[in-house]
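Text of run.tsv (TSV, C-alpha atoms) as supplied:
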```tsv
chain	number	residue	atom	x	y	z
C	32	MET	CA	85.18	65.48	95.34
C	33	ASP	CA	88.16	64.63	93.27
C	34	VAL	CA	91.33	63.45	95.01
C	35	ARG	CA	93.45	65.01	92.29
C	36	TYR	CA	92.49	68.44	93.68
C	37	LEU	CA	94.83	67.60	96.50
C	38	ASN	CA	97.87	67.32	94.21
C	39	PRO	CA	98.42	71.08	93.71
C	40	VAL	CA	98.22	71.54	97.49
C	41	ILE	CA	100.80	68.80	98.07
C	42	ALA	CA	103.07	70.20	95.34
C	43	ALA	CA	102.84	73.74	96.75
C	44	THR	CA	103.62	72.53	100.29
C	45	ASP	CA	106.62	70.62	99.01
C	46	SER	CA	107.96	73.49	96.95
C	47	VAL	CA	107.58	76.21	99.60
C	48	PHE	CA	109.28	74.12	102.30
C	49	GLN	CA	112.15	73.39	99.95
C	50	THR	CA	112.75	76.95	98.75
C	51	MET	CA	112.20	78.71	102.08
C	52	LEU	CA	113.54	76.19	104.58
C	53	ALA	CA	115.73	73.87	102.49
C	54	VAL	CA	113.68	70.97	103.84
C	55	LYS	CA	111.94	68.27	101.83
C	56	PRO	CA	108.71	67.26	103.56
C	57	GLU	CA	108.10	63.53	103.27
C	58	LYS	CA	104.52	62.74	102.42
C	59	GLN	CA	103.00	60.16	104.74
C	60	ASN	CA	99.46	58.81	104.62
C	61	VAL	CA	96.47	60.45	103.00
C	62	SER	CA	93.11	60.02	104.71
C	63	VAL	CA	89.56	61.02	103.95
C	64	GLY	CA	87.13	62.15	106.63
C	65	THR	CA	84.17	64.34	107.32
C	66	GLU	CA	85.41	66.06	110.46
C	67	LEU	CA	88.59	67.94	111.23
C	68	VAL	CA	89.71	67.19	114.75
C	69	THR	CA	93.36	67.75	115.57
C	70	ASN	CA	95.58	67.58	118.61
C	71	LYS	CA	98.15	69.77	116.87
C	72	GLU	CA	98.19	73.13	118.56
C	73	VAL	CA	98.90	75.67	115.83
C	74	ASN	CA	96.29	75.69	113.05
C	75	VAL	CA	96.32	78.03	110.08
C	76	ILE	CA	93.03	78.19	108.21
C	77	ILE	CA	92.90	79.62	104.69
C	78	GLY	CA	89.39	80.09	103.32
C	79	MET	CA	88.88	79.45	99.63
C	80	ILE	CA	86.23	80.78	97.26
C	81	GLY	CA	85.62	80.42	93.54
C	82	ASP	CA	85.33	77.13	91.67
C	83	ILE	CA	86.27	75.39	94.91
C	84	LYS	CA	84.61	76.61	98.10
C	85	GLY	CA	86.15	75.40	101.30
C	86	SER	CA	89.42	75.76	103.14
C	87	ILE	CA	92.96	74.56	103.47
C	88	VAL	CA	94.01	73.96	107.08
C	89	PHE	CA	97.65	73.56	108.14
C	90	SER	CA	98.01	71.91	111.54
C	91	PHE	CA	101.43	72.15	113.18
C	92	SER	CA	102.50	70.79	116.54
C	93	ARG	CA	103.69	73.38	119.03
C	94	GLU	CA	107.28	72.06	118.68
C	95	MET	CA	107.21	72.23	114.92
C	96	ALA	CA	105.85	75.80	114.78
C	97	LEU	CA	108.57	76.92	117.19
C	98	ALA	CA	111.29	75.05	115.26
C	99	VAL	CA	110.23	76.52	111.89
C	100	VAL	CA	110.20	80.08	113.19
C	101	GLU	CA	113.55	79.49	114.91
C	102	ALA	CA	114.98	78.26	111.60
C	103	MET	CA	113.72	81.35	109.77
C	104	SER	CA	114.63	83.94	112.38
C	105	GLY	CA	117.74	82.42	113.94
C	106	MET	CA	116.27	83.34	117.32
C	107	GLU	CA	115.09	81.15	120.14
C	108	MET	CA	111.30	80.84	120.40
C	109	GLN	CA	109.92	79.66	123.70
C	110	LYS	CA	106.22	80.03	123.36
C	111	ILE	CA	103.47	80.23	120.79
C	112	ASP	CA	103.00	83.98	120.67
C	113	LYS	CA	101.63	86.38	118.05
C	114	PHE	CA	104.99	86.55	116.32
C	115	VAL	CA	105.10	82.77	115.84
C	116	THR	CA	101.45	82.39	114.78
C	117	SER	CA	101.70	85.29	112.35
C	118	ALA	CA	104.88	83.92	110.76
C	119	MET	CA	103.22	80.48	110.40
C	120	GLY	CA	100.03	82.10	109.10
C	121	GLU	CA	101.97	83.80	106.33
C	122	LEU	CA	103.65	80.48	105.51
C	123	GLY	CA	100.18	78.91	105.09
C	124	ASN	CA	99.14	81.89	102.99
C	125	ILE	CA	102.14	81.51	100.66
C	126	ILE	CA	101.58	77.75	100.22
C	127	SER	CA	97.87	78.26	99.54
C	128	GLY	CA	98.56	81.05	97.05
C	129	LYS	CA	100.88	78.72	95.18
C	130	ALA	CA	98.26	75.94	95.37
C	131	THR	CA	95.71	78.20	93.63
C	132	THR	CA	98.17	78.59	90.75
C	133	GLY	CA	98.29	74.79	90.49
C	134	LEU	CA	94.49	74.55	90.68
C	135	ALA	CA	94.25	77.09	87.86
C	136	GLU	CA	96.21	74.63	85.72
C	137	LEU	CA	93.35	72.17	86.35
C	138	ASP	CA	91.01	74.92	85.09
C	139	LEU	CA	89.80	75.75	88.60
C	140	SER	CA	89.80	79.44	89.39
C	141	CYS	CA	90.02	80.07	93.15
C	142	ASP	CA	90.81	82.95	95.49
C	143	ILE	CA	92.02	82.71	99.06
C	144	ALA	CA	91.22	84.71	102.18
C	145	PRO	CA	93.77	86.00	104.73
C	146	PRO	CA	94.92	83.38	107.27
C	147	GLN	CA	92.98	82.74	110.45
C	148	ILE	CA	94.83	81.21	113.38
C	149	VAL	CA	93.38	78.77	115.88
C	150	THR	CA	95.60	77.57	118.73
C	151	GLY	CA	94.98	75.18	121.60
C	152	LYS	CA	94.54	71.50	122.37
C	153	GLU	CA	91.96	69.07	120.93
C	154	ILE	CA	90.67	71.45	118.30
C	155	ASN	CA	87.58	70.73	116.25
C	156	ILE	CA	87.48	72.92	113.18
C	157	SER	CA	83.96	72.95	111.86
C	158	SER	CA	83.90	73.57	108.16
C	159	GLU	CA	80.51	72.30	106.89
C	160	ALA	CA	82.63	70.33	104.47
C	161	GLU	CA	81.26	67.35	102.63
C	162	LYS	CA	84.62	65.72	102.62
C	163	ILE	CA	88.01	66.44	104.07
C	164	LEU	CA	91.22	65.12	102.54
C	165	MET	CA	94.11	65.10	104.94
C	166	VAL	CA	97.76	64.47	104.22
C	167	THR	CA	100.47	64.17	106.84
C	168	PHE	CA	104.03	65.31	106.16
C	169	LYS	CA	107.15	64.43	108.08
C	170	THR	CA	110.03	66.92	108.35
C	171	LYS	CA	113.10	67.34	110.52
C	172	PHE	CA	111.11	70.03	112.37
C	173	GLY	CA	108.29	67.60	113.20
C	174	ASP	CA	105.09	66.34	111.58
C	175	PHE	CA	102.27	68.45	110.24
C	176	ASP	CA	98.93	67.90	108.54
C	177	VAL	CA	97.43	69.67	105.57
C	178	SER	CA	93.67	69.27	105.24
C	179	PHE	CA	91.71	70.31	102.22
C	180	SER	CA	88.01	70.57	102.92
C	181	ILE	CA	85.52	71.23	100.18
C	182	LYS	CA	81.93	72.24	100.75
N	462	MET	CA	117.76	86.20	110.62
N	463	ILE	CA	119.35	83.27	108.87
N	464	TRP	CA	120.82	83.95	105.43
N	465	ARG	CA	121.33	80.92	103.15
N	466	ASP	CA	123.49	80.88	100.02
N	467	GLU	CA	120.59	79.26	98.15
N	468	TYR	CA	118.80	82.61	98.43
N	469	LYS	CA	121.36	84.22	96.08
N	470	ILE	CA	119.98	85.18	92.68
N	471	GLY	CA	123.44	85.48	91.09
N	472	VAL	CA	123.54	89.28	90.74
N	473	ASP	CA	126.05	90.61	93.28
N	474	LEU	CA	124.40	93.98	93.93
N	475	VAL	CA	121.01	92.38	94.61
N	476	ASP	CA	122.48	89.57	96.72
N	477	GLU	CA	124.38	92.06	98.89
N	478	GLN	CA	121.24	94.16	99.31
N	479	HIS	CA	119.20	91.10	100.25
N	480	LYS	CA	121.75	90.23	102.94
N	481	GLU	CA	121.54	93.79	104.25
N	482	LEU	CA	117.73	93.58	104.30
N	483	PHE	CA	117.97	90.36	106.31
N	484	ASN	CA	120.30	92.15	108.77
N	485	ARG	CA	118.01	95.14	109.13
N	486	LEU	CA	114.86	93.06	109.57
N	487	GLY	CA	116.81	90.92	112.04
N	488	ASP	CA	117.64	94.05	114.06
N	489	PHE	CA	114.01	95.14	114.03
N	490	ILE	CA	112.81	91.70	115.18
N	491	GLN	CA	115.46	91.62	117.93
N	492	THR	CA	114.14	94.95	119.20
N	493	VAL	CA	110.52	93.82	118.97
N	494	ARG	CA	111.24	90.59	120.86
N	495	SER	CA	113.52	92.03	123.56
N	496	ALA	CA	112.16	91.70	127.09
N	497	GLU	CA	111.48	95.40	127.63
N	498	LYS	CA	107.95	96.77	127.61
N	499	VAL	CA	106.85	98.38	124.36
N	500	ALA	CA	106.60	101.83	125.99
N	501	ALA	CA	110.27	101.67	127.02
N	502	LYS	CA	111.54	100.68	123.59
N	503	LYS	CA	109.18	102.80	121.50
N	504	ALA	CA	111.98	105.02	120.19
N	505	GLU	CA	114.12	102.04	119.22
N	506	ILE	CA	111.22	100.36	117.46
N	507	ASP	CA	110.60	103.53	115.45
N	508	ARG	CA	114.30	103.83	114.65
N	509	THR	CA	114.83	100.21	113.51
N	510	LEU	CA	111.58	100.23	111.53
N	511	ALA	CA	112.55	103.48	109.77
N	512	PHE	CA	116.03	102.00	109.11
N	513	LEU	CA	114.37	98.94	107.53
N	514	GLY	CA	111.81	101.00	105.61
N	515	ASP	CA	114.48	103.27	104.08
N	516	TYR	CA	116.48	100.31	102.89
N	517	VAL	CA	113.43	98.59	101.44
N	518	VAL	CA	112.96	101.63	99.16
N	519	THR	CA	116.66	101.76	98.16
N	520	HIS	CA	116.65	98.06	97.39
N	521	PHE	CA	113.34	97.94	95.51
N	522	ASN	CA	114.50	100.85	93.31
N	523	ALA	CA	117.79	99.12	92.50
N	524	GLU	CA	116.05	95.83	91.76
N	525	GLU	CA	113.45	97.47	89.53
N	526	ALA	CA	116.18	99.36	87.63
N	527	LEU	CA	117.85	96.01	86.98
N	528	GLN	CA	114.57	94.51	85.77
N	529	LYS	CA	114.07	97.42	83.39
N	530	LYS	CA	117.62	97.14	82.08
N	531	TYR	CA	116.95	93.53	81.08
N	532	ASN	CA	113.33	94.08	79.99
N	533	TYR	CA	112.15	91.64	82.65
N	534	PRO	CA	108.75	90.39	81.39
N	535	ASP	CA	107.13	90.22	84.84
N	536	PHE	CA	108.18	93.77	85.77
N	537	GLU	CA	104.63	95.12	86.25
N	538	ASN	CA	103.58	92.38	88.67
N	539	HIS	CA	106.82	92.56	90.60
N	540	HIS	CA	106.58	96.34	90.85
N	541	GLU	CA	103.02	95.97	92.17
N	542	VAL	CA	104.21	93.53	94.87
N	543	HIS	CA	106.89	96.04	95.92
N	544	GLU	CA	104.39	98.93	96.03
N	545	GLN	CA	101.99	96.90	98.11
N	546	PHE	CA	104.71	95.95	100.57
N	547	LYS	CA	105.80	99.57	100.98
N	548	SER	CA	102.24	100.63	101.67
N	549	GLU	CA	101.84	97.79	104.19
N	550	ILE	CA	104.80	99.17	106.15
N	551	ALA	CA	103.38	102.71	106.02
N	552	GLU	CA	99.95	101.40	107.01
N	553	PHE	CA	101.40	99.48	109.96
N	554	LYS	CA	103.21	102.59	111.26
N	555	LYS	CA	99.91	104.49	111.30
N	556	GLU	CA	97.93	101.68	112.86
N	557	PHE	CA	100.62	101.00	115.48
N	558	GLU	CA	100.65	104.65	116.58
N	559	ALA	CA	96.86	104.89	116.56
N	560	SER	CA	96.64	101.76	118.74
N	561	GLY	CA	98.83	103.42	121.37
N	562	TYR	CA	101.75	101.08	120.53
N	563	ASP	CA	99.88	97.80	120.91
N	564	GLU	CA	102.29	94.91	121.52
N	565	ASP	CA	100.15	92.23	119.80
N	566	LEU	CA	99.96	94.32	116.65
N	567	LEU	CA	103.74	94.76	116.67
N	568	MET	CA	104.42	91.03	117.19
N	569	GLU	CA	101.95	90.09	114.48
N	570	PHE	CA	103.42	92.48	111.93
N	571	SER	CA	107.02	91.45	112.57
N	572	GLY	CA	106.16	87.73	112.27
N	573	TYR	CA	104.54	88.48	108.93
N	574	LEU	CA	107.61	90.44	107.75
N	575	LEU	CA	109.89	87.52	108.61
N	576	THR	CA	108.07	84.99	106.42
N	577	TRP	CA	107.25	87.50	103.69
N	578	LEU	CA	110.86	88.59	103.18
N	579	ILE	CA	112.24	85.05	103.07
N	580	ASN	CA	109.65	84.01	100.49
N	581	HIS	CA	110.14	87.14	98.41
N	582	VAL	CA	113.90	86.65	98.25
N	583	ALA	CA	113.93	82.84	98.05
N	584	ALA	CA	111.10	82.44	95.52
N	585	THR	CA	109.85	85.63	93.83
N	586	ASP	CA	113.25	87.26	93.25
N	587	GLN	CA	114.83	84.01	92.04
N	588	LYS	CA	112.83	84.41	88.86
N	589	ILE	CA	114.74	87.61	88.03
N	590	GLY	CA	118.03	85.74	88.38
N	591	ASP	CA	116.74	82.84	86.28
N	592	TYR	CA	115.63	85.25	83.56
N	593	ILE	CA	118.93	87.14	83.42
N	594	ASN	CA	120.86	83.85	83.38
N	595	SER	CA	118.73	82.58	80.50
N	596	LEU	CA	119.61	85.73	78.51
N	597	ASN	CA	123.31	85.23	79.19
N	598	GLU	CA	123.05	81.63	78.01
N	599	GLU	CA	121.36	82.81	74.80
N	600	ASP	CA	124.27	85.21	74.23
N	601	THR	CA	126.90	82.52	74.53
N	602	LYS	CA	125.12	80.19	72.12
```
Translate the structure described by the file into structure tokens.
Amino acid sequence: MDVRYLNPVIAATDSVFQTMLAVKPEKQNVSVGTELVTNKEVNVIIGMIGDIKGSIVFSFSREMALAVVEAMSGMEMQKIDKFVTSAMGELGNIISGKATTGLAELDLSCDIAPPQIVTGKEINISSEAEKILMVTFKTKFGDFDVSFSIK
Amino acid sequence: MIWRDEYKIGVDLVDEQHKELFNRLGDFIQTVRSAEKVAAKKAEIDRTLAFLGDYVVTHFNAEEALQKKYNYPDFENHHEVHEQFKSEIAEFKKEFEASGYDEDLLMEFSGYLLTWLINHVAATDQKIGDYINSLNEEDTK
């Protein structure tokens, strides 16, 4: 798997956070693994089919998910409820949609599936992926991970 | 909902309508998230959702008329996005009633609306503003 496939995903994440939330996410380390285990509680999984088969997973801490939805709605959010997970799911959907446009520029034609949400502690997302590329971003709302797993 | 000046596209009518949409969606979300049980606030949910839905139509029509006036090249796609959104609202109303006013369904749909509207205004609609501005720049050359 080619690391440059990750670039459109990083660019889309950056652009959507800037236009929607006026926040520039700072890219931290990139790591490569074979398993996706996260202690972040709000996970948005976007399945991908086409020239790339796999998924993009956005993992947000509880605090970050609440802070992002508070920033969008202007209302206080106290718990991870369906409103919060659905708002974050759509955010993942928008970023992934934009990422497919970037992948198309690399001559990769891909479609995405509607977001699936997994919440809880110590989550292991099985993906049958050969390789998982993970990048961590830092924002004023907290840190989050974007993992791109390709079968 | 939080309105930011960066969301402006530079066409007053559209910017004012976007602000009004933010207000109306904000009212709907407030109702959805108030502490009362769904059964007790059913009428208010219906009212604020209808209020939002009506304005969505008014606004989409105005925005599409503007696009046509300037021969906006992405009109067809944008129109399709609007049509799909309108049918999603209609679809939700049906599903929500059929579910016996299920709270999870309501919370899920309103969370989706929140993110969708911000992205549509902050990203998708910006392209209309950029296009119209580029025409105006051509004119002054």
Requested in this report: Enumerate as a list in words the residues belonging to chain N that approach chain C to within 7 Å, with all atoms listed in the file taken into account.
Outcome: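 The selection requested is Met462, Ile463, Asp565, Met568, Glu569, Ser571, Gly572, Tyr573, Leu575, Thr576, Trp577, Ile579, Asn580, Ala583 and Ala584 of chain N.
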Write a file of the just-selected residues containing C-alpha atoms, as a PDB file, in the coordinates of the input.
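Produced file part_0.pdb, reproduced below:
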```pdb
ATOM      1  CA  MET N 462     117.760  86.200 110.620  1.00  0.00           C
ATOM      2  CA  ILE N 463     119.350  83.270 108.870  1.00  0.00           C
ATOM      3  CA  ASP N 565     100.150  92.230 119.800  1.00  0.00           C
ATOM      4  CA  MET N 568     104.420  91.030 117.190  1.00  0.00           C
ATOM      5  CA  GLU N 569     101.950  90.090 114.480  1.00  0.00           C
ATOM      6  CA  SER N 571     107.020  91.450 112.570  1.00  0.00           C
ATOM      7  CA  GLY N 572     106.160  87.730 112.270  1.00  0.00           C
ATOM      8  CA  TYR N 573     104.540  88.480 108.930  1.00  0.00           C
ATOM      9  CA  LEU N 575     109.890  87.520 108.610  1.00  0.00           C
ATOM     10  CA  THR N 576     108.070  84.990 106.420  1.00  0.00           C
ATOM     11  CA  TRP N 577     107.250  87.500 103.690  1.00  0.00           C
ATOM     12  CA  ILE N 579     112.240  85.050 103.070  1.00  0.00           C
ATOM     13  CA  ASN N 580     109.650  84.010 100.490  1.00  0.00           C
ATOM     14  CA  ALA N 583     113.930  82.840  98.050  1.00  0.00           C
ATOM     15  CA  ALA N 584     111.100  82.440  95.520  1.00  0.00           C
TER      16      ALA N 584
END
```
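Note that the spacing between atom CA of Arg494 of chain N and atom CA of Phe89 of chain C amounts to 25.2 Å.
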**Report entry** Which of C:Ser178, C:Ser127, C:Asn60, C:Thr150 sits closest to Leu164 of chain C [using all atoms listed in the file]
**Finding:** C:Ser178
Requested in this report: Could you check which of N:Glu552, N:Asp535, N:Asp473, N:Asp563 is closest to Lys498 of chain N, using all atoms listed in the file?
Outcome: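 Among N:Glu552, N:Asp535, N:Asp473, N:Asp563, it is N:Asp563 that comes nearest to Lys498 of chain N.
If you look at atom CA of Thr44 of chain C and atom CA of Ala160 of chain C, they are 21.5 Å away from each other.
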